[in-house]
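Engineer: Next up is a structure, given as structure tokens.
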Amino acid sequence: MLKVNALYTEYTNELGQAVKAAQDVTFEVPTGHFFTLLGPSGCGKTTTLRSIAGLERPKSGEISLNGTVAYSSARNVFVPPNRRGFGMVFQSYAIWPHMDVFSNAAFPLRVGKQRLSRDEIETKVMRVLKAVRLDHLRDREATKLSGGQQQRLALARALVMEPKLLLLDEPLSNLDAKLRDAMRFELKRLQRELGITTVYVTHDQTEALALSHQVAVMSEGRIQQIGTPREIYERPINQFVADFVGMTNFVEGTVTAKDADDHAYVVHTEIGTLHSYAIDALRVGDPVILSIRPEDLELSDHKPDGINVLHGKVDQKVFLGDSVEFQVKFGSRVLQSRAHPSLRTPIGEPIWATVRPEKSVVVRQVAELNAVA
């Protein structure tokens, strides 16, 4: 298990000012799991990854893998990156252009401290090339590989040393959209088959949701929330997480009553009264913010039965092939909804909407969360 505890990392910018890149970063990654650090540029995710790799020296905290400490400020321990035994793939791949596929993958074995025979190198390299589906290209020049093939070669080179931990710094960001989608499946298959503990850095929420066992969403050097992809998407803890991971509608309101179920409340909002879900305990009179995903605002030409029924008017709509994006006006507020193309309500016509209580989620403001932390 990888353990990162109370990690603080600072560096000095070009103006001589101290930048707090990582602040009290704490998380654990069980053996064999895929863990993603997700956030916008400058949030501290790459600094955290580089600290784990040993390429940055944190100010304080502790990093350990399977009980072996790689860094500890309290114990004055700092293991150099070349002695940590971690594999890393950078955004640029760093493929040797003058070598063929086999030689690129074999390079760490040939320059490593452990002396291996030619047969041993052959066996190890062909095993990883087969895992990344490049064994049939072993003699091809690296410069003649496609972007996706170069990405897989960089993975093979990181895996050939059989690292206990694999660190990936936005390895798909240089690929075009279709190839990036295909490589998500390849990377997920490879990680699950090999069972290697992996920490992945990305700003792409789709990658994080598609690949990970757990996701840590970061902002301004701090982890805002850790959870499974479904928890992060369906139960965002604050406005930043809800807004950064997917699209959402924010609706302000006031708690008017406690509902029958745990975590259930009645909230009066500018678009109507909504039965909603809250992670935190609330009191009557508390001001709140609701997050409602576009796909959870269900539209209909006819008035549906049940609670949380809203009446509005189609303000705009855009046909996207497999769905239609609607902007619906409820009083003075316009909310976004995503519906099946079979719904053809014209612009300017009335329309009904409903949202299930568990999909109308109370989220904290970021300032509130930092105050609690």
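Following the order of the structure tokens, chains are lettered A, B, ..., residues in each are numbered from 1, and ligands are numbered from 1.
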Any idea what's packed within 8 Å of Lys313 in chain A, counting only C-alpha atoms, ignoring anything in its chain fewer than 4 positions away? Could you give it as a PyMOL selection string?

Structural biologist: chain A and resi 328-330+347-351

Engineer: Which residues come within 9 Å of range 179-189 of chain A, counting only C-alpha atoms, excluding same-chain residues fewer than 5 positions away, as a ChimeraX atom specification?

Structural biologist: /A:34,132,147-148,151-152,172-174,194,207,210-212

Engineer: Using the selection just defined, write its residues with N, CA and C atoms as a compact mmCIF listing (two decimals), in the first residue's frame.

Structural biologist:
# COMPACT_ATOMS: atom_id res chain seq x y z
N PHE A 34 -5.81 1.63 -8.86
CA PHE A 34 -5.52 2.74 -9.76
C PHE A 34 -6.09 4.00 -9.12
N VAL A 132 1.78 -4.85 -23.79
CA VAL A 132 1.31 -3.59 -24.38
C VAL A 132 1.03 -3.75 -25.87
N GLY A 147 1.49 7.84 -32.36
CA GLY A 147 1.43 8.42 -31.02
C GLY A 147 1.00 7.41 -29.97
N GLY A 148 -0.01 6.61 -30.30
CA GLY A 148 -0.49 5.61 -29.35
C GLY A 148 0.54 4.53 -29.10
N GLN A 151 3.21 5.85 -26.81
CA GLN A 151 2.71 5.88 -25.43
C GLN A 151 2.82 4.49 -24.79
N ARG A 152 2.47 3.46 -25.56
CA ARG A 152 2.55 2.09 -25.04
C ARG A 152 4.01 1.66 -24.84
N LEU A 172 -1.70 10.63 -21.70
CA LEU A 172 -2.57 10.61 -22.89
C LEU A 172 -2.83 11.99 -23.47
N SER A 173 -2.29 13.03 -22.85
CA SER A 173 -2.67 14.40 -23.22
C SER A 173 -2.19 14.80 -24.61
N ASN A 174 -1.14 14.14 -25.14
CA ASN A 174 -0.63 14.50 -26.46
C ASN A 174 -1.31 13.75 -27.61
N LEU A 194 -2.08 -6.61 -14.92
CA LEU A 194 -0.81 -6.70 -14.20
C LEU A 194 -0.98 -6.50 -12.70
N GLU A 207 -11.04 10.90 -18.21
CA GLU A 207 -10.00 9.91 -17.93
C GLU A 207 -10.07 9.43 -16.49
N ALA A 210 -13.07 7.17 -15.94
CA ALA A 210 -13.02 5.93 -16.70
C ALA A 210 -11.99 4.93 -16.17
N LEU A 211 -10.87 5.43 -15.63
CA LEU A 211 -9.74 4.56 -15.31
C LEU A 211 -9.66 4.13 -13.85
N SER A 212 -10.16 4.94 -12.95
CA SER A 212 -9.74 4.85 -11.55
C SER A 212 -10.61 3.96 -10.66

Engineer: I'd like the contact shell of Leu129 in chain A - 9 Å cut-off, only C-alpha atoms, skipping same-chain residues fewer than 5 positions apart - returned as a list in words.

Structural biologist: Val101, Phe102, Ala105, Lys124, Leu134, Asp135, His136, Leu137, Arg138, Arg152, Leu153, Ala156, Arg157 and Val160 of chain A

Engineer: Would you write out those residues with C-alpha atoms, as a CSV table (one decimal), in the first residue's frame?

Structural biologist:
chain,number,residue,atom,x,y,z
A,101,VAL,CA,11.3,-0.7,-30.0
A,102,PHE,CA,13.1,-3.5,-28.3
A,105,ALA,CA,12.2,-1.1,-23.7
A,124,LYS,CA,11.6,-9.6,-19.7
A,134,LEU,CA,4.0,-4.2,-29.4
A,135,ASP,CA,5.8,-7.5,-29.6
A,136,HIS,CA,5.2,-7.7,-33.4
A,137,LEU,CA,7.0,-4.3,-33.8
A,138,ARG,CA,10.1,-5.1,-31.7
A,152,ARG,CA,2.6,2.1,-25.0
A,153,LEU,CA,6.3,1.8,-25.5
A,156,ALA,CA,6.6,-0.9,-21.5
A,157,ARG,CA,9.9,0.8,-20.6
A,160,VAL,CA,10.1,-3.8,-17.6

Engineer: Identify, on the basis of only C-alpha atoms, every residue whose closest approach to Pro287 in chain A does not exceed 9 Å; exclude the query and any residue fewer than 4 positions from it along the same chain; express the result as a list of chain:residue names.

Structural biologist: A:Glu252, A:Gly253, A:Thr254, A:Val255

Engineer: Given the selection you just returned, output its residues as a file containing all heavy atoms, formatted as a short mmCIF file (atom, residue, chain, number, x, y, z; two decimals), in the first residue's frame.

Structural biologist:
data_model
loop_
_atom_site.label_atom_id
_atom_site.label_comp_id
_atom_site.auth_asym_id
_atom_site.auth_seq_id
_atom_site.Cartn_x
_atom_site.Cartn_y
_atom_site.Cartn_z
N GLU A 252 -29.61 28.04 -5.64
CA GLU A 252 -29.59 28.47 -4.25
C GLU A 252 -30.95 28.26 -3.60
O GLU A 252 -31.99 28.36 -4.25
CB GLU A 252 -29.20 29.95 -4.16
CG GLU A 252 -27.79 30.23 -4.62
CD GLU A 252 -27.41 31.69 -4.45
OE1 GLU A 252 -28.27 32.49 -4.02
OE2 GLU A 252 -26.25 32.03 -4.75
N GLY A 253 -30.92 27.94 -2.29
CA GLY A 253 -32.18 27.72 -1.59
C GLY A 253 -32.01 27.81 -0.08
O GLY A 253 -30.92 28.10 0.42
N THR A 254 -33.10 27.53 0.61
CA THR A 254 -33.12 27.56 2.07
C THR A 254 -33.83 26.32 2.58
O THR A 254 -34.90 25.94 2.06
CB THR A 254 -33.86 28.81 2.59
OG1 THR A 254 -33.24 29.98 2.03
CG2 THR A 254 -33.81 28.88 4.10
N VAL A 255 -33.26 25.66 3.59
CA VAL A 255 -33.88 24.47 4.17
C VAL A 255 -35.15 24.87 4.90
O VAL A 255 -35.12 25.75 5.77
CB VAL A 255 -32.91 23.76 5.13
CG1 VAL A 255 -33.58 22.55 5.78
CG2 VAL A 255 -31.64 23.32 4.39
#

Engineer: From range 140-185 of chain A, collect each residue whose DSSP state is helix (DSSP H, G or I) and return the set as a PyMOL selection string.

Structural biologist: chain A and resi 142-144+147-159+177-185

Engineer: Set the distance at 7 Å and use only C-alpha atoms: which residues neighbour range 246-248 of chain A once local chain neighbours fewer than 3 positions away are removed? I'd like the list as a count of residues only.

Structural biologist: 6

Engineer: Restricting the calculation to only C-alpha atoms: of A:Ser64, A:Glu220, A:Arg235, A:Arg84, which residue gets closest to Val19 in chain A?

Structural biologist: A:Glu220

Engineer: Interatomic distance between CA of Gly331 in chain A and CA of Gly312 in chain A?

Structural biologist: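 About the pair CA of Gly331 in chain A and CA of Gly312 in chain A: they are 7.2 Å apart.
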
Engineer: Using only C-alpha atoms, which protein or nucleic acid residues come within 7 Å of range 22-33 of chain A? Drop anything in the same chain fewer than 5 positions from it, and give the result as a PyMOL selection string.

Structural biologist: chain A and resi 1-10+44+48+195-198+213+221-223

Engineer: Residues as selected, N, CA, C and O atoms, written as a CSV table (one decimal), in the first residue's frame, can you do that?

Structural biologist:
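Saved file part-v3.csv follows:
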chain,number,residue,atom,x,y,z
A,1,MET,N,0.8,-1.2,0.0
A,1,MET,CA,0.0,0.0,0.0
A,1,MET,C,0.9,1.3,0.0
A,1,MET,O,1.8,1.3,0.7
A,2,LEU,N,0.5,2.2,-0.8
A,2,LEU,CA,1.2,3.5,-0.8
A,2,LEU,C,0.5,4.4,0.2
A,2,LEU,O,-0.7,4.5,0.2
A,3,LYS,N,1.3,5.0,1.0
A,3,LYS,CA,0.7,6.0,2.0
A,3,LYS,C,1.4,7.3,1.9
A,3,LYS,O,2.7,7.4,1.9
A,4,VAL,N,0.6,8.4,1.6
A,4,VAL,CA,1.1,9.7,1.6
A,4,VAL,C,0.5,10.5,2.8
A,4,VAL,O,-0.8,10.5,2.8
A,5,ASN,N,1.2,11.0,3.7
A,5,ASN,CA,0.7,11.6,4.9
A,5,ASN,C,1.2,13.0,5.1
A,5,ASN,O,2.4,13.3,5.2
A,6,ALA,N,0.2,13.9,5.2
A,6,ALA,CA,0.5,15.3,5.5
A,6,ALA,C,1.6,16.0,4.7
A,6,ALA,O,2.6,16.6,5.3
A,7,LEU,N,1.6,15.8,3.4
A,7,LEU,CA,2.6,16.2,2.5
A,7,LEU,C,2.5,17.8,2.3
A,7,LEU,O,1.5,18.2,1.8
A,8,TYR,N,3.6,18.5,2.5
A,8,TYR,CA,3.7,19.9,2.2
A,8,TYR,C,4.9,20.1,1.3
A,8,TYR,O,6.0,19.7,1.6
A,9,THR,N,4.6,20.7,0.1
A,9,THR,CA,5.7,21.0,-0.8
A,9,THR,C,5.6,22.4,-1.3
A,9,THR,O,4.5,22.9,-1.7
A,10,GLU,N,6.7,23.1,-1.2
A,10,GLU,CA,6.8,24.5,-1.7
A,10,GLU,C,7.9,24.7,-2.6
A,10,GLU,O,8.9,23.9,-2.6
A,44,GLY,N,-1.4,21.4,-7.9
A,44,GLY,CA,-0.5,20.7,-7.1
A,44,GLY,C,-0.5,19.2,-7.4
A,44,GLY,O,0.3,18.4,-6.7
A,48,THR,N,2.7,16.8,-6.4
A,48,THR,CA,2.5,15.6,-5.5
A,48,THR,C,3.1,14.3,-6.1
A,48,THR,O,3.8,13.6,-5.4
A,195,GLY,N,-2.1,-5.8,-12.3
A,195,GLY,CA,-2.3,-5.6,-10.9
A,195,GLY,C,-1.3,-4.7,-10.2
A,195,GLY,O,-1.0,-4.8,-9.0
A,196,ILE,N,-0.8,-3.8,-11.0
A,196,ILE,CA,0.3,-2.9,-10.4
A,196,ILE,C,-0.4,-1.6,-9.8
A,196,ILE,O,-1.3,-1.0,-10.4
A,197,THR,N,0.1,-1.3,-8.7
A,197,THR,CA,-0.4,-0.1,-8.0
A,197,THR,C,0.0,1.1,-8.8
A,197,THR,O,1.2,1.3,-9.2
A,198,THR,N,-1.0,2.0,-9.1
A,198,THR,CA,-0.8,3.1,-10.1
A,198,THR,C,-1.3,4.4,-9.5
A,198,THR,O,-2.4,4.5,-9.0
A,213,HIS,N,-9.9,3.4,-9.6
A,213,HIS,CA,-10.7,2.8,-8.5
A,213,HIS,C,-11.1,4.0,-7.6
A,213,HIS,O,-12.2,4.0,-7.0
A,221,GLY,N,-3.6,23.3,-4.3
A,221,GLY,CA,-2.7,22.6,-3.4
A,221,GLY,C,-3.4,21.6,-2.4
A,221,GLY,O,-2.6,20.9,-1.7
A,222,ARG,N,-4.7,21.6,-2.3
A,222,ARG,CA,-5.4,20.8,-1.3
A,222,ARG,C,-6.3,19.8,-2.0
A,222,ARG,O,-6.8,20.0,-3.0
A,223,ILE,N,-6.4,18.6,-1.3
A,223,ILE,CA,-7.4,17.6,-1.8
A,223,ILE,C,-8.7,18.1,-1.3
A,223,ILE,O,-9.0,18.2,-0.1

Engineer: Range 120-301 of chain A: which residues are strand (DSSP E or B) by DSSP, as a PyMOL selection string?

Structural biologist: chain A and resi 141+165-169+197-202+214-219+222-227+238+249-258+264-269+272-278+287-292+298-300

Engineer: How many Å lie between CA of Asn104 in chain A and CA of Ala70 in chain A, rounded to one decimal?

Structural biologist: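 About the pair CA of Asn104 in chain A and CA of Ala70 in chain A: they are 27.5 Å apart.
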
Engineer: Pick the closest to Asp261 in chain A from A:Gly306, A:Pro346, A:Pro163, A:Pro357: which is it, counting only C-alpha atoms?

Structural biologist: A:Pro357

Engineer: Provide the CA of Met218 in chain A to CA of Ile63 in chain A distance in Å, to one decimal place.

Structural biologist: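 Going from CA of Met218 in chain A over to CA of Ile63 in chain A, I get 18.2 Å.
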
Engineer: Give me, as a list in words, all polymer residues having an atom no more than 12 Å from Ala264 in chain A, counting only C-alpha atoms and skipping those fewer than 5 positions away in the same chain.

Structural biologist: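 Near neighbours after the sequence-gap exclusion: Val255, Thr256, Ala257, Lys258, Asp259, Leu274, His275, Ser276, Tyr277, Ala278, Ile279, Asp280, Ala281, Leu282, Arg283, Arg356, Pro357, Glu358, Lys359, Ser360, Val361 and Val362 of chain A.
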
Engineer: Mind writing the picked residues with C-alpha atoms as a PDB file, in the first residue's frame?

Structural biologist:
ATOM      1  CA  VAL A 255     -33.878  24.467   4.165  1.00  0.00           C
ATOM      2  CA  THR A 256     -37.547  24.522   5.217  1.00  0.00           C
ATOM      3  CA  ALA A 257     -37.934  21.030   6.762  1.00  0.00           C
ATOM      4  CA  LYS A 258     -36.227  17.722   7.553  1.00  0.00           C
ATOM      5  CA  ASP A 259     -37.545  14.947   5.323  1.00  0.00           C
ATOM      6  CA  LEU A 274     -37.275  20.466  -3.924  1.00  0.00           C
ATOM      7  CA  HIS A 275     -36.766  17.361  -1.808  1.00  0.00           C
ATOM      8  CA  SER A 276     -32.968  17.025  -1.718  1.00  0.00           C
ATOM      9  CA  TYR A 277     -30.017  15.008  -0.389  1.00  0.00           C
ATOM     10  CA  ALA A 278     -27.312  16.373   1.931  1.00  0.00           C
ATOM     11  CA  ILE A 279     -24.127  14.710   3.193  1.00  0.00           C
ATOM     12  CA  ASP A 280     -23.942  17.071   6.181  1.00  0.00           C
ATOM     13  CA  ALA A 281     -26.574  17.571   8.873  1.00  0.00           C
ATOM     14  CA  LEU A 282     -28.639  20.701   8.182  1.00  0.00           C
ATOM     15  CA  ARG A 283     -31.034  22.854  10.178  1.00  0.00           C
ATOM     16  CA  ARG A 356     -35.209  12.601  -8.071  1.00  0.00           C
ATOM     17  CA  PRO A 357     -34.429  13.731  -4.496  1.00  0.00           C
ATOM     18  CA  GLU A 358     -31.109  11.827  -4.382  1.00  0.00           C
ATOM     19  CA  LYS A 359     -30.030  13.673  -7.543  1.00  0.00           C
ATOM     20  CA  SER A 360     -30.656  17.112  -6.051  1.00  0.00           C
ATOM     21  CA  VAL A 361     -27.509  17.289  -3.932  1.00  0.00           C
ATOM     22  CA  VAL A 362     -26.616  19.919  -1.359  1.00  0.00           C
TER      23      VAL A 362
END

Engineer: Return the single residue from A:Ser332, A:Gln225, A:Thr36, A:Asn76 that is closest to Asp169 in chain A, with distances computed using only C-alpha atoms.

Structural biologist: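 Answer, going by the shortest atom-to-atom distance: A:Thr36.
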